[in-house]
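Here is the file work_19.txt (compact mmCIF, C-alpha atoms).
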# COMPACT_ATOMS: atom_id res chain seq x y z
CA MET C 17 171.38 -21.69 -60.29
CA LEU C 18 174.35 -19.46 -61.03
CA THR C 19 177.11 -20.40 -58.63
CA GLN C 20 179.98 -18.50 -60.17
CA THR C 21 181.01 -15.00 -61.11
CA THR C 22 179.32 -14.20 -64.40
CA SER C 23 177.29 -11.70 -66.37
CA ARG C 24 174.24 -12.25 -68.57
CA VAL C 25 171.26 -10.51 -70.11
CA LEU C 26 168.42 -10.51 -67.58
CA GLU C 27 165.00 -11.94 -68.39
CA PRO C 28 161.51 -10.95 -67.19
CA SER C 29 161.71 -13.63 -64.48
CA ASP C 30 164.68 -11.74 -62.96
CA LEU C 31 162.54 -8.69 -62.16
CA ASP C 32 162.39 -9.03 -58.37
CA ALA C 33 166.14 -9.56 -58.08
CA ALA C 34 166.81 -6.55 -60.33
CA LEU C 35 164.47 -4.33 -58.31
CA ALA C 36 166.26 -5.38 -55.12
CA VAL C 37 169.53 -4.09 -56.59
CA LEU C 38 167.91 -0.86 -57.82
CA ASP C 39 166.33 -0.24 -54.39
CA ARG C 40 169.78 -0.13 -52.76
CA GLU C 41 170.31 3.39 -54.14
CA PRO C 42 166.83 4.75 -54.92
CA VAL C 43 167.91 8.32 -55.70
CA ALA C 44 170.88 7.59 -57.96
CA ASN C 45 168.96 4.81 -59.70
CA ALA C 46 165.67 6.67 -60.20
CA PHE C 47 165.98 6.83 -64.00
CA VAL C 48 166.53 3.09 -64.47
CA THR C 49 164.11 2.10 -61.69
CA ALA C 50 161.32 4.17 -63.26
CA ARG C 51 161.80 2.46 -66.62
CA VAL C 52 161.89 -1.02 -65.09
CA LYS C 53 158.79 -0.39 -62.95
CA VAL C 54 156.84 0.54 -66.09
CA ALA C 55 158.30 -1.87 -68.62
CA GLY C 56 159.76 -4.80 -66.71
CA LEU C 57 162.85 -6.47 -68.19
CA ASP C 58 161.55 -7.44 -71.62
CA PRO C 59 164.03 -5.71 -73.96
CA TRP C 60 161.37 -4.64 -76.46
CA ARG C 61 159.27 -2.88 -73.80
CA LEU C 62 162.29 -1.64 -71.82
CA GLY C 63 163.94 -0.09 -74.85
CA GLY C 64 167.16 -1.98 -74.26
CA GLU C 65 168.74 -4.89 -72.42
CA MET C 66 169.43 -5.14 -68.72
CA TRP C 67 172.75 -6.81 -68.02
CA GLY C 68 173.27 -8.49 -64.69
CA TRP C 69 176.45 -9.34 -62.79
CA TYR C 70 176.40 -12.28 -60.41
CA GLU C 71 178.76 -13.15 -57.59
CA ASP C 72 178.31 -16.52 -55.86
CA GLY C 73 174.93 -16.87 -57.51
CA MET C 74 173.65 -13.49 -56.27
CA LEU C 75 172.74 -10.62 -58.58
CA THR C 76 174.84 -7.71 -57.30
CA SER C 77 175.18 -5.19 -60.18
CA LEU C 78 173.24 -4.07 -63.25
CA CYS C 79 173.84 -2.16 -66.46
CA TYR C 80 171.02 -0.72 -68.55
CA ALA C 81 171.98 -0.87 -72.24
CA GLY C 82 169.55 1.18 -74.30
CA ALA C 83 169.73 4.69 -75.71
CA ASN C 84 171.96 5.30 -72.68
CA LEU C 85 174.45 2.93 -71.12
CA VAL C 86 173.92 3.19 -67.35
CA PRO C 87 175.90 1.21 -64.73
CA VAL C 88 173.87 0.49 -61.58
CA CYS C 89 175.49 -0.37 -58.23
CA ALA C 90 178.39 -1.60 -60.35
CA THR C 91 181.42 -3.04 -58.57
CA PRO C 92 184.85 -2.86 -60.27
CA ARG C 93 184.57 -6.48 -61.42
CA ALA C 94 181.06 -5.85 -62.75
CA VAL C 95 182.27 -2.77 -64.65
CA ARG C 96 184.93 -4.84 -66.38
CA ALA C 97 182.36 -7.45 -67.38
CA PHE C 98 179.93 -4.80 -68.63
CA ALA C 99 182.69 -3.07 -70.60
CA ASP C 100 183.63 -6.35 -72.24
CA ARG C 101 180.01 -7.04 -73.18
CA ALA C 102 179.55 -3.49 -74.51
CA ARG C 103 182.75 -3.68 -76.54
CA ARG C 104 181.66 -6.95 -78.17
CA ALA C 105 178.18 -5.63 -78.93
CA GLY C 106 179.45 -2.34 -80.41
CA ARG C 107 178.22 1.11 -79.49
CA ARG C 108 174.45 1.49 -79.82
CA CYS C 109 173.94 4.22 -77.22
CA SER C 110 174.07 8.00 -77.54
CA SER C 111 175.60 8.43 -74.08
CA ILE C 112 177.09 6.70 -71.06
CA VAL C 113 175.75 8.17 -67.82
CA GLY C 114 175.77 7.22 -64.17
CA PRO C 115 177.59 7.60 -60.85
CA ALA C 116 181.01 9.08 -61.56
CA GLY C 117 183.18 6.27 -60.17
CA PRO C 118 181.91 3.28 -62.16
CA THR C 119 181.04 5.43 -65.19
CA SER C 120 184.59 6.79 -65.34
CA GLU C 121 186.04 3.27 -65.18
CA LEU C 122 183.56 2.00 -67.79
CA TRP C 123 184.62 4.79 -70.16
CA ARG C 124 188.33 4.14 -69.50
CA LEU C 125 187.82 0.58 -70.71
CA LEU C 126 185.59 1.49 -73.67
CA GLU C 127 187.32 4.63 -74.96
CA PRO C 128 189.97 2.72 -76.97
CA HIS C 129 187.13 1.00 -78.85
CA TRP C 130 184.32 3.60 -78.83
CA GLY C 131 186.22 6.89 -78.66
CA PRO C 132 186.61 9.65 -79.16
CA ALA C 133 183.51 11.01 -77.42
CA ARG C 134 181.87 14.19 -78.61
CA GLU C 135 182.01 15.50 -75.06
CA VAL C 136 182.92 14.19 -71.59
CA ARG C 137 181.26 15.79 -68.57
CA ALA C 138 183.31 14.33 -65.78
CA ARG C 139 181.70 16.11 -62.82
CA GLN C 140 177.94 16.52 -62.52
CA PRO C 141 176.90 17.04 -58.90
CA LEU C 142 173.87 14.98 -57.82
CA MET C 143 171.61 17.15 -55.67
CA ILE C 144 168.57 16.28 -53.54
CA THR C 145 165.99 17.84 -51.27
CA ASP C 146 163.00 16.58 -49.29
CA HIS C 147 161.47 19.90 -48.24
CA MET C 148 160.32 23.23 -49.60
CA PRO C 149 162.52 26.33 -49.17
CA GLU C 150 161.45 28.71 -46.42
CA ASP C 151 162.53 31.94 -48.10
CA ILE C 152 161.48 31.47 -51.76
CA GLN C 153 157.86 31.67 -52.81
CA PRO C 154 156.90 29.31 -55.65
CA ASP C 155 156.08 31.12 -58.88
CA PRO C 156 152.25 31.12 -58.98
CA TYR C 157 152.30 31.17 -62.80
CA VAL C 158 154.19 27.88 -63.13
CA ARG C 159 151.67 25.11 -63.78
CA ARG C 160 151.25 21.75 -65.44
CA VAL C 161 151.40 21.87 -69.24
CA ARG C 162 148.10 20.78 -70.79
CA LYS C 163 147.86 18.12 -73.49
CA ASP C 164 146.62 20.72 -75.99
CA GLU C 165 149.78 22.79 -75.45
CA MET C 166 152.28 20.46 -77.16
CA ASP C 167 152.88 22.98 -79.95
CA THR C 168 153.61 25.61 -77.30
CA ILE C 169 156.04 23.61 -75.20
CA MET C 170 157.95 21.76 -77.96
CA PRO C 171 160.07 24.70 -79.21
CA ALA C 172 161.22 25.38 -75.63
CA CYS C 173 162.05 21.69 -75.12
CA VAL C 174 164.05 21.58 -78.35
CA ALA C 175 165.88 24.80 -77.44
CA MET C 176 166.76 23.45 -73.97
CA PHE C 177 167.96 20.09 -75.33
CA THR C 178 170.06 21.67 -78.07
CA GLU C 179 171.61 24.13 -75.61
CA GLU C 180 172.32 21.42 -73.04
CA VAL C 181 173.45 18.50 -75.20
CA GLY C 182 174.93 20.36 -78.17
CA VAL C 183 172.86 18.64 -80.87
CA SER C 184 169.21 18.99 -81.85
CA PRO C 185 166.81 16.23 -80.74
CA MET C 186 165.10 16.71 -84.12
CA ALA C 187 168.07 15.19 -85.97
CA GLY C 188 168.04 11.61 -87.17
CA ASP C 189 164.40 10.53 -87.01
CA GLY C 190 163.00 14.04 -87.43
CA GLY C 191 162.36 14.26 -83.71
CA LEU C 192 159.74 11.49 -83.52
CA LEU C 193 161.23 9.82 -80.44
CA TYR C 194 161.81 13.13 -78.71
CA GLN C 195 158.29 14.37 -79.44
CA ALA C 196 156.91 11.10 -78.07
CA ARG C 197 158.93 11.53 -74.88
CA VAL C 198 157.72 15.13 -74.40
CA ALA C 199 154.14 14.01 -75.05
CA GLU C 200 154.55 11.24 -72.47
CA LEU C 201 155.68 13.74 -69.82
CA VAL C 202 152.89 16.17 -70.67
CA GLY C 203 150.31 13.39 -70.65
CA SER C 204 151.45 12.09 -67.27
CA GLY C 205 151.32 15.56 -65.69
CA ARG C 206 155.09 15.81 -65.24
CA SER C 207 155.76 18.80 -67.55
CA PHE C 208 155.62 22.28 -66.02
CA ALA C 209 155.90 25.77 -67.46
CA ARG C 210 155.20 29.44 -67.07
CA ILE C 211 153.61 30.67 -70.29
CA ASP C 212 153.12 34.39 -70.90
CA GLY C 213 150.08 36.11 -72.34
CA SER C 214 151.44 35.78 -75.87
CA GLY C 215 151.82 32.00 -75.59
CA ASN C 216 155.60 32.04 -75.13
CA VAL C 217 157.29 29.73 -72.64
CA VAL C 218 159.14 31.78 -70.03
CA PHE C 219 160.28 28.91 -67.77
CA LYS C 220 159.92 25.15 -68.00
CA ALA C 221 161.04 21.94 -66.35
CA GLU C 222 159.99 18.32 -66.21
CA ILE C 223 159.97 15.51 -63.70
CA GLY C 224 161.68 13.03 -65.99
CA ALA C 225 161.85 9.96 -63.76
CA ALA C 226 159.47 9.07 -60.95
CA THR C 227 159.40 6.21 -58.47
CA ALA C 228 157.70 5.79 -55.09
CA GLN C 229 160.99 6.73 -53.37
CA ALA C 230 162.41 9.55 -55.51
CA CYS C 231 161.89 11.64 -58.60
CA GLN C 232 164.32 13.45 -60.87
CA ILE C 233 163.80 16.98 -62.16
CA GLN C 234 165.26 17.69 -65.60
CA GLY C 235 165.06 20.06 -68.55
CA VAL C 236 165.15 23.24 -66.47
CA TRP C 237 165.15 26.19 -68.88
CA VAL C 238 164.52 29.93 -68.82
CA ALA C 239 163.90 31.75 -72.11
CA PRO C 240 167.05 33.76 -73.00
CA GLU C 241 165.28 37.12 -72.87
CA TYR C 242 164.12 36.41 -69.30
CA ARG C 243 167.44 35.26 -67.87
CA GLY C 244 168.89 37.26 -65.00
CA LYS C 245 165.44 38.41 -63.87
CA GLY C 246 165.13 36.07 -60.89
CA LEU C 247 162.62 33.64 -62.41
CA ALA C 248 164.58 30.40 -62.06
CA ALA C 249 164.44 29.94 -58.27
CA PRO C 250 160.67 30.64 -57.89
CA GLY C 251 160.06 28.45 -60.93
CA MET C 252 162.07 25.60 -59.45
CA ALA C 253 160.27 26.04 -56.12
CA ALA C 254 156.94 25.66 -57.95
CA VAL C 255 158.07 22.46 -59.67
CA LEU C 256 159.48 21.17 -56.38
CA ARG C 257 156.13 21.77 -54.67
CA TYR C 258 154.38 19.61 -57.26
CA ALA C 259 157.12 16.97 -57.04
CA LEU C 260 157.03 16.56 -53.27
CA ALA C 261 153.24 16.80 -52.99
CA ASP C 262 152.27 14.55 -55.89
CA ILE C 263 155.20 12.36 -56.93
CA ALA C 264 157.79 11.30 -54.32
CA PRO C 265 159.25 12.27 -50.91
CA ILE C 266 162.67 13.12 -52.39
CA ALA C 267 163.41 15.26 -55.45
CA SER C 268 166.78 15.02 -57.19
CA LEU C 269 168.63 16.42 -60.17
CA TYR C 270 172.14 16.48 -61.55
CA VAL C 271 173.85 19.49 -63.04
CA ASN C 272 177.10 20.26 -64.86
CA ASP C 273 179.78 21.44 -62.43
CA PHE C 274 180.63 24.38 -64.71
CA ASN C 275 177.04 25.69 -64.60
CA THR C 276 177.64 27.84 -61.53
CA ALA C 277 174.44 29.86 -61.97
CA ALA C 278 172.24 26.77 -62.00
CA ARG C 279 174.04 25.23 -59.02
CA ALA C 280 173.54 28.43 -57.05
CA THR C 281 169.84 28.50 -57.95
CA TYR C 282 169.33 24.90 -56.86
CA ARG C 283 171.12 25.53 -53.57
CA ARG C 284 168.86 28.55 -52.95
CA VAL C 285 165.83 26.30 -53.40
CA GLY C 286 167.27 23.87 -50.84
CA PHE C 287 169.03 21.21 -52.92
CA GLU C 288 172.20 19.74 -51.41
CA GLU C 289 175.01 17.95 -53.25
CA VAL C 290 175.15 14.30 -52.19
CA GLY C 291 177.12 12.65 -54.97
CA GLU C 292 178.45 12.99 -58.47
CA PHE C 293 177.38 11.77 -61.89
CA MET C 294 179.35 11.61 -65.11
CA SER C 295 178.16 11.73 -68.73
CA ILE C 296 179.93 10.79 -71.95
CA LEU C 297 178.14 12.11 -75.03
CA PHE C 298 178.56 10.69 -78.54

For the structure just supplied, provide its representation as structure tokens.
Amino acid sequence: MLTQTTSRVLEPSDLDAALAVLDREPVANAFVTARVKVAGLDPWRLGGEMWGWYEDGMLTSLCYAGANLVPVCATPRAVRAFADRARRAGRRCSSIVGPAGPTSELWRLLEPHWGPAREVRARQPLMITDHMPEDIQPDPYVRRVRKDEMDTIMPACVAMFTEEVGVSPMAGDGGLLYQARVAELVGSGRSFARIDGSGNVVFKAEIGAATAQACQIQGVWVAPEYRGKGLAAPGMAAVLRYALADIAPIASLYVNDFNTAARATYRRVGFEEVGEFMSILF
């Protein structure tokens, strides 16, 4: 029994306690919750460690330490403990991402050791909706991507990632991990696109994280030659219809504050800003 203030790497037997923490903020924690629901807390299956912070023997905060470093319901004391553990372990993640408050403090403590970052995105509004828009018809041509369409959707996914993150997902391992992730989303029916008669992707998006309480839309992209033609809002409405009907009662996303066009599109489809994320990219 832990009776003091301490942090440690969680084990599979800590699953119920970890899920109780994650369930406190089901929308903000959708990414980590989805991974834990599928993989449990075994580091090999989870793709990283889950760090826990205890106060008076109770698990109160978490930090997922994998390809991303993600603080979860992290109090100021927990953030300090997670930063200390991350500093000792050395940087193994490609980004730090999470709710802006604890993520900002985590980066303040780690920057002297891990910096400089390639890019800091300090304000990324978190947006949610639980209903379809009344005045935007879903694009009837947006549909689930089929498993035999991987060669069709991959170039659009790579283009979106490179445009959004600033580096190609094909670097390093030749894109093996990224291709596996795209294939996973396609195979689970969470990849959506409008594909024209020539086999070109016009619009695409994915439901990247899904739990019983909330899902997270990501990878929204319109082919450059189709931008400004009013395709984004109907496309998003189509993806939202699938999300609310088939996946979860609440759909969420987060967007860069400087992407005014995207924020306007999401508001038109009914998304409201309810919080703020922050990302540090390496």

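For the residues C:Asp30, C:Glu65, C:Asp146, C:Glu165, ranking by smallest atom-to-atom distance to Ile263 in chain C using only C-alpha atoms places C:Asp146 first.
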
Query raised in the report: So, counting all atoms listed in the file, which residue among C:Gly106, C:Pro118, C:Gly215, C:Gly64 is closest to Pro171 in chain C?
Result: C:Gly215

Query raised in the report: If you count all atoms listed in the file, which residues fall within 12 Å of Met148 in chain C, apart from same-chain ones fewer than 4 positions away, as a PyMOL selection string?
Result: chain C and resi 144+152-154+249-250+252-261+265-267+282-287

Query raised in the report: Quick one: residues within 10 Å of Ala264 in chain C, only C-alpha atoms counted, chain neighbours fewer than 6 positions away excluded, as a ChimeraX atom specification?
Result: /C:146,226-232,258

Query raised in the report: If we count only C-alpha atoms, what is near Leu38 in chain C at a cut-off of 9 Å, once residues fewer than 4 positions away on the same chain are taken out, given as a VMD selection string?
Result: chain C and resid 33 to 34 42 44 to 46 48 to 49 77 to 78 88 to 89

Query raised in the report: What is the distance between CA of Ala99 in chain C and CA of Arg134 in chain C, in Å to one decimal?
Result: 19.0 Å

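You can rank C:Leu35, C:Val95, C:Ala83, C:Gln140 by their closest distance to Thr276 in chain C using only C-alpha atoms, and at the top of that list sits C:Gln140.
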